[in-house]
file input.cif (mmCIF, C-alpha atoms; chains and numbers go by the auth columns)
data_data
#
loop_
_atom_site.group_PDB
_atom_site.id
_atom_site.type_symbol
_atom_site.label_atom_id
_atom_site.label_comp_id
_atom_site.label_asym_id
_atom_site.label_seq_id
_atom_site.Cartn_x
_atom_site.Cartn_y
_atom_site.Cartn_z
_atom_site.B_iso_or_equiv
_atom_site.auth_seq_id
_atom_site.auth_asym_id
ATOM 1 C CA ARG A 1 0.000 0.000 0.000 0.00 90 K
ATOM 2 C CA PHE A 2 1.223 3.517 -0.735 0.00 91 K
ATOM 3 C CA ASP A 3 0.146 7.140 -0.569 0.00 92 K
ATOM 4 C CA PHE A 4 1.546 8.328 -3.870 0.00 93 K
ATOM 5 C CA LEU A 5 3.256 7.005 -6.954 0.00 94 K
ATOM 6 C CA VAL A 6 6.472 8.315 -8.475 0.00 95 K
ATOM 7 C CA THR A 7 7.572 6.645 -11.668 0.00 96 K
ATOM 8 C CA ASN A 8 9.371 7.369 -14.899 0.00 97 K
ATOM 9 C CA PRO A 9 7.987 4.816 -17.333 0.00 98 K
ATOM 10 C CA PRO A 10 9.503 4.229 -20.738 0.00 99 K
ATOM 11 C CA TYR A 11 7.467 6.198 -23.264 0.00 100 K
ATOM 12 C CA SER A 12 7.489 3.382 -25.800 0.00 101 K
ATOM 13 C CA GLY A 13 5.277 0.377 -26.264 0.00 102 K
ATOM 14 C CA ASP A 14 2.257 0.204 -24.003 0.00 103 K
ATOM 15 C CA HIS A 15 3.933 1.573 -20.849 0.00 104 K
ATOM 16 C CA VAL A 16 2.140 4.935 -20.746 0.00 105 K
ATOM 17 C CA GLY A 17 -1.215 3.341 -21.541 0.00 106 K
ATOM 18 C CA ARG A 18 -0.731 0.845 -18.716 0.00 107 K
ATOM 19 C CA LEU A 19 0.217 3.660 -16.313 0.00 108 K
ATOM 20 C CA VAL A 20 -2.894 5.654 -17.275 0.00 109 K
ATOM 21 C CA LYS A 21 -5.078 2.582 -16.820 0.00 110 K
ATOM 22 C CA PHE A 22 -3.558 1.953 -13.383 0.00 111 K
ATOM 23 C CA LEU A 23 -4.053 5.575 -12.253 0.00 112 K
ATOM 24 C CA ALA A 24 -7.720 5.344 -13.251 0.00 113 K
ATOM 25 C CA SER A 25 -8.252 1.961 -11.595 0.00 114 K
ATOM 26 C CA GLU A 26 -10.248 1.178 -8.465 0.00 115 K
ATOM 27 C CA LYS A 27 -7.059 -0.320 -7.026 0.00 116 K
ATOM 28 C CA PHE A 28 -5.318 3.076 -7.179 0.00 117 K
ATOM 29 C CA GLY A 29 -8.508 4.700 -5.952 0.00 118 K
ATOM 30 C CA THR A 30 -8.837 8.428 -5.404 0.00 119 K
ATOM 31 C CA ARG A 31 -5.222 9.138 -4.497 0.00 120 K
ATOM 32 C CA PRO A 32 -3.702 12.272 -6.012 0.00 121 K
ATOM 33 C CA TRP A 33 -1.130 11.888 -8.758 0.00 122 K
ATOM 34 C CA MET A 34 1.043 13.844 -11.157 0.00 123 K
ATOM 35 C CA MET A 35 2.572 12.342 -14.251 0.00 124 K
ATOM 36 C CA LEU A 36 5.208 13.836 -16.489 0.00 125 K
ATOM 37 C CA VAL A 37 4.635 12.401 -19.937 0.00 126 K
ATOM 38 C CA PRO A 38 4.711 13.527 -23.569 0.00 127 K
ATOM 39 C CA GLN A 39 2.039 16.051 -24.550 0.00 128 K
ATOM 40 C CA TRP A 40 0.557 13.642 -27.088 0.00 129 K
ATOM 41 C CA VAL A 41 -0.782 11.416 -24.274 0.00 130 K
ATOM 42 C CA HIS A 42 -3.881 13.625 -23.842 0.00 131 K
ATOM 43 C CA LYS A 43 -4.959 12.700 -27.383 0.00 132 K
ATOM 44 C CA LYS A 44 -4.712 8.937 -26.927 0.00 133 K
ATOM 45 C CA LEU A 45 -7.802 6.761 -26.714 0.00 134 K
ATOM 46 C CA TYR A 46 -6.563 5.110 -23.499 0.00 135 K
ATOM 47 C CA PHE A 47 -6.385 8.563 -21.852 0.00 136 K
ATOM 48 C CA THR A 48 -9.842 9.599 -23.047 0.00 137 K
ATOM 49 C CA GLU A 49 -11.388 6.307 -21.948 0.00 138 K
ATOM 50 C CA ALA A 50 -9.664 6.254 -18.563 0.00 139 K
ATOM 51 C CA PHE A 51 -10.047 9.858 -17.463 0.00 140 K
ATOM 52 C CA GLU A 52 -12.969 11.259 -19.421 0.00 141 K
ATOM 53 C CA GLU A 53 -15.360 8.374 -19.927 0.00 142 K
ATOM 54 C CA LYS A 54 -14.867 5.916 -17.052 0.00 143 K
ATOM 55 C CA GLY A 55 -13.615 8.218 -14.321 0.00 144 K
ATOM 56 C CA CYS A 56 -10.826 7.768 -11.821 0.00 145 K
ATOM 57 C CA GLY A 57 -10.760 5.036 -9.195 0.00 146 K
ATOM 58 C CA GLY A 58 -14.145 3.867 -10.417 0.00 147 K
ATOM 59 C CA VAL A 59 -15.640 7.275 -9.550 0.00 148 K
ATOM 60 C CA ARG A 60 -17.236 9.241 -12.389 0.00 149 K
ATOM 61 C CA ARG A 61 -15.681 12.693 -12.562 0.00 150 K
ATOM 62 C CA LYS A 62 -17.072 16.049 -13.549 0.00 151 K
ATOM 63 C CA GLN A 63 -13.662 17.209 -14.749 0.00 152 K
ATOM 64 C CA GLY A 64 -10.398 15.497 -15.638 0.00 153 K
ATOM 65 C CA PRO A 65 -6.872 16.398 -14.614 0.00 154 K
ATOM 66 C CA PHE A 66 -5.387 19.791 -15.341 0.00 155 K
ATOM 67 C CA TYR A 67 -2.183 20.426 -17.245 0.00 156 K
ATOM 68 C CA LEU A 68 0.986 22.137 -16.090 0.00 157 K
ATOM 69 C CA VAL A 69 2.847 23.093 -19.263 0.00 158 K
ATOM 70 C CA PRO A 70 6.485 24.222 -19.025 0.00 159 K
ATOM 71 C CA GLN A 71 7.168 27.181 -21.319 0.00 160 K
ATOM 72 C CA LYS A 72 10.636 25.798 -22.053 0.00 161 K
ATOM 73 C CA ARG A 73 11.056 22.288 -23.324 0.00 162 K
ATOM 74 C CA TYR A 74 12.514 19.947 -20.723 0.00 163 K
ATOM 75 C CA VAL A 75 15.978 18.628 -21.466 0.00 164 K
ATOM 76 C CA TYR A 76 16.558 14.985 -20.622 0.00 165 K
ATOM 77 C CA LEU A 77 20.007 13.503 -20.172 0.00 166 K
ATOM 78 C CA PRO A 78 20.098 9.960 -21.532 0.00 167 K
ATOM 79 C CA PRO A 79 22.334 7.390 -19.865 0.00 168 K
ATOM 80 C CA LYS A 80 25.874 7.378 -21.223 0.00 169 K
ATOM 81 C CA GLY A 81 26.178 5.486 -24.491 0.00 170 K
ATOM 82 C CA MET A 82 22.424 5.270 -25.106 0.00 171 K
ATOM 83 C CA ARG A 83 22.358 7.768 -27.979 0.00 172 K
ATOM 84 C CA PRO A 84 24.674 8.003 -30.963 0.00 173 K
ATOM 85 C CA LYS A 85 27.203 10.841 -30.886 0.00 174 K
ATOM 86 C CA LYS A 86 25.969 14.103 -32.408 0.00 175 K
ATOM 87 C CA ASP A 87 27.729 17.368 -33.107 0.00 176 K
ATOM 88 C CA SER A 88 25.043 19.386 -31.343 0.00 177 K
ATOM 89 C CA GLU A 89 24.886 19.349 -27.534 0.00 178 K
ATOM 90 C CA THR A 90 21.150 20.155 -27.739 0.00 179 K
ATOM 91 C CA HIS A 91 20.314 17.040 -29.730 0.00 180 K
ATOM 92 C CA LYS A 92 22.256 14.850 -27.321 0.00 181 K
ATOM 93 C CA LYS A 93 20.059 15.981 -24.443 0.00 182 K
ATOM 94 C CA SER A 94 16.619 16.545 -25.944 0.00 183 K
ATOM 95 C CA ALA A 95 13.837 14.031 -26.002 0.00 184 K
ATOM 96 C CA PRO A 96 12.024 13.581 -29.307 0.00 185 K
ATOM 97 C CA PHE A 97 8.824 14.909 -27.707 0.00 186 K
ATOM 98 C CA VAL A 98 7.578 17.812 -25.601 0.00 187 K
ATOM 99 C CA SER A 99 6.580 16.939 -22.018 0.00 188 K
ATOM 100 C CA MET A 100 3.988 18.319 -19.646 0.00 189 K
ATOM 101 C CA TRP A 101 2.542 17.472 -16.255 0.00 190 K
ATOM 102 C CA PHE A 102 -0.910 15.965 -15.864 0.00 191 K
ATOM 103 C CA VAL A 103 -2.256 16.727 -12.367 0.00 192 K
ATOM 104 C CA TRP A 104 -5.099 15.042 -10.459 0.00 193 K
ATOM 105 C CA ALA A 105 -5.763 15.857 -6.785 0.00 194 K
ATOM 106 C CA GLY A 106 -7.954 12.843 -5.976 0.00 195 K
ATOM 107 C CA THR A 107 -11.423 14.246 -6.716 0.00 196 K
ATOM 108 C CA SER A 108 -12.875 16.700 -9.212 0.00 197 K
ATOM 109 C CA GLU A 109 -13.443 19.215 -6.412 0.00 198 K
ATOM 110 C CA ALA A 110 -9.909 18.883 -4.980 0.00 199 K
ATOM 111 C CA THR A 111 -8.420 19.132 -8.484 0.00 200 K
ATOM 112 C CA ALA A 112 -10.428 22.315 -9.163 0.00 201 K
ATOM 113 C CA GLN A 113 -9.225 23.792 -5.847 0.00 202 K
ATOM 114 C CA CYS A 114 -5.623 22.822 -6.592 0.00 203 K
ATOM 115 C CA TYR A 115 -5.877 24.404 -10.045 0.00 204 K
ATOM 116 C CA GLU A 116 -7.369 27.645 -8.667 0.00 205 K
ATOM 117 C CA TRP A 117 -4.733 27.842 -5.929 0.00 206 K
ATOM 118 C CA LEU A 118 -1.903 27.261 -8.392 0.00 207 K
ATOM 119 C CA VAL A 119 -3.168 29.858 -10.866 0.00 208 K
ATOM 120 C CA SER A 120 -3.591 32.395 -8.033 0.00 209 K
ATOM 121 C CA ASN A 121 -0.104 31.742 -6.670 0.00 210 K
ATOM 122 C CA LEU A 122 2.108 31.386 -9.751 0.00 211 K
ATOM 123 C CA LYS A 123 3.888 34.655 -8.938 0.00 212 K
ATOM 124 C CA MET A 124 4.457 33.762 -5.279 0.00 213 K
ATOM 125 C CA LEU A 125 5.821 30.360 -6.345 0.00 214 K
ATOM 126 C CA ASP A 126 8.150 32.092 -8.802 0.00 215 K
ATOM 127 C CA LEU A 127 6.565 30.158 -11.660 0.00 216 K
ATOM 128 C CA GLU A 128 5.122 33.095 -13.576 0.00 217 K
ATOM 129 C CA GLY A 129 6.565 32.983 -17.077 0.00 218 K
ATOM 130 C CA GLU A 130 7.917 29.479 -16.441 0.00 219 K
ATOM 131 C CA VAL A 131 4.729 27.436 -16.823 0.00 220 K
ATOM 132 C CA ASP A 132 1.253 27.742 -18.230 0.00 221 K
ATOM 133 C CA VAL A 133 -1.680 26.069 -16.532 0.00 222 K
ATOM 134 C CA ALA A 134 -4.639 24.691 -18.487 0.00 223 K
ATOM 135 C CA ARG A 135 -7.807 23.375 -16.827 0.00 224 K
ATOM 136 C CA SER A 136 -8.963 21.272 -19.755 0.00 225 K
ATOM 137 C CA LYS A 137 -7.894 19.808 -23.072 0.00 226 K
ATOM 138 C CA SER A 138 -9.558 22.705 -24.913 0.00 227 K
ATOM 139 C CA ALA A 139 -7.749 25.243 -22.693 0.00 228 K
ATOM 140 C CA PHE A 140 -4.498 23.421 -23.461 0.00 229 K
ATOM 141 C CA ARG A 141 -5.277 23.643 -27.207 0.00 230 K
ATOM 142 C CA ASP A 142 -5.860 27.391 -26.778 0.00 231 K
ATOM 143 C CA LEU A 143 -2.446 27.745 -25.094 0.00 232 K
ATOM 144 C CA ARG A 144 -0.759 25.996 -28.002 0.00 233 K
ATOM 145 C CA ARG A 145 -2.543 28.183 -30.553 0.00 234 K
ATOM 146 C CA ARG A 146 -1.359 31.338 -28.788 0.00 235 K
ATOM 147 C CA GLY A 147 2.167 29.960 -29.015 0.00 236 K
#
call {"tool": "encode", "arguments": {"input": "input.cif", "output": "structure tokens"}}
result
Amino acid sequence: RFDFLVTNPPYSGDHVGRLVKFLASEKFGTRPWMMLVPQWVHKKLYFTEAFEEKGCGGVRRKQGPFYLVPQKRYVYLPPKGMRPKKDSETHKKSAPFVSMWFVWAGTSEATAQCYEWLVSNLKMLDLEGEVDVARSKSAFRDLRRRG
């Protein structure tokens, strides 16, 4: 038994889909979670089914997770020898995808409160200009359109 889950799954194969399914399962229940995964995950059928249609922990939700979107692309350092040598330092360190955080606080109400608190306190947390926060998939799309 645990209170929270911290993991860095491989982003290939069915790993992310299995993680999403687990987070939405009755076994995981209504525990809060955050997952750092590629942006494209929000478009996948397994995400839509798990978090928008079935609910989380077997509980139907009014609203899904919110998104914490870094304004600068994260740089990942692969283990030594895992990528072929490149002339550019940037390409050695960058993942082939853009990442963002998916945030769920355990219930729709708690997630809404967490979102409101975060938006109200970005400046105090010294995150203003570092991240964007989107409450829904459509709000995330609007962020991307604004560029």
call {"tool": "closest_residue", "arguments": {"input": "input.cif", "among": "K:Gly153, K:Pro127, K:Gly106, K:Gly118", "to": "Val192 in chain K", "atoms": "all atoms listed in the file"}}
result
K:Gly153
call {"tool": "closest_residue", "arguments": {"input": "input.cif", "among": "K:Gln128, K:Ser225, K:Ser114, K:Thr196", "to": "Phe155 in chain K", "atoms": "all atoms listed in the file"}}
result
K:Ser225
call {"tool": "resolve_selection", "arguments": {"input": "input.cif", "expression": "the PyMOL selection byres ((chain K and resi 197-201) around 12)", "output": "PyMOL selection string"}}
result
chain K and resi 119-123+140-141+144-146+148-156+191-196+202-208+223-225
call {"tool": "resolve_selection", "arguments": {"input": "input.cif", "expression": "the PyMOL selection byres ((chain K and resi 105) around 12)", "output": "JSON, numbers by chain"}}
result
{"K": [96, 97, 98, 99, 100, 101, 102, 103, 104, 106, 107, 108, 109, 110, 111, 112, 124, 125, 126, 127, 128, 129, 130, 131, 133, 134, 135, 136]}
call {"tool": "closest_residue", "arguments": {"input": "input.cif", "among": "K:Val158, K:Ala113, K:Met189, K:Leu214", "to": "Leu232 in chain K", "atoms": "all atoms listed in the file"}}
result
K:Val158
call {"tool": "atom_distance", "arguments": {"input": "input.cif", "atom1": "CA of Arg234 in chain K", "atom2": "CA of Gly218 in chain K"}}
result
17.0 Å
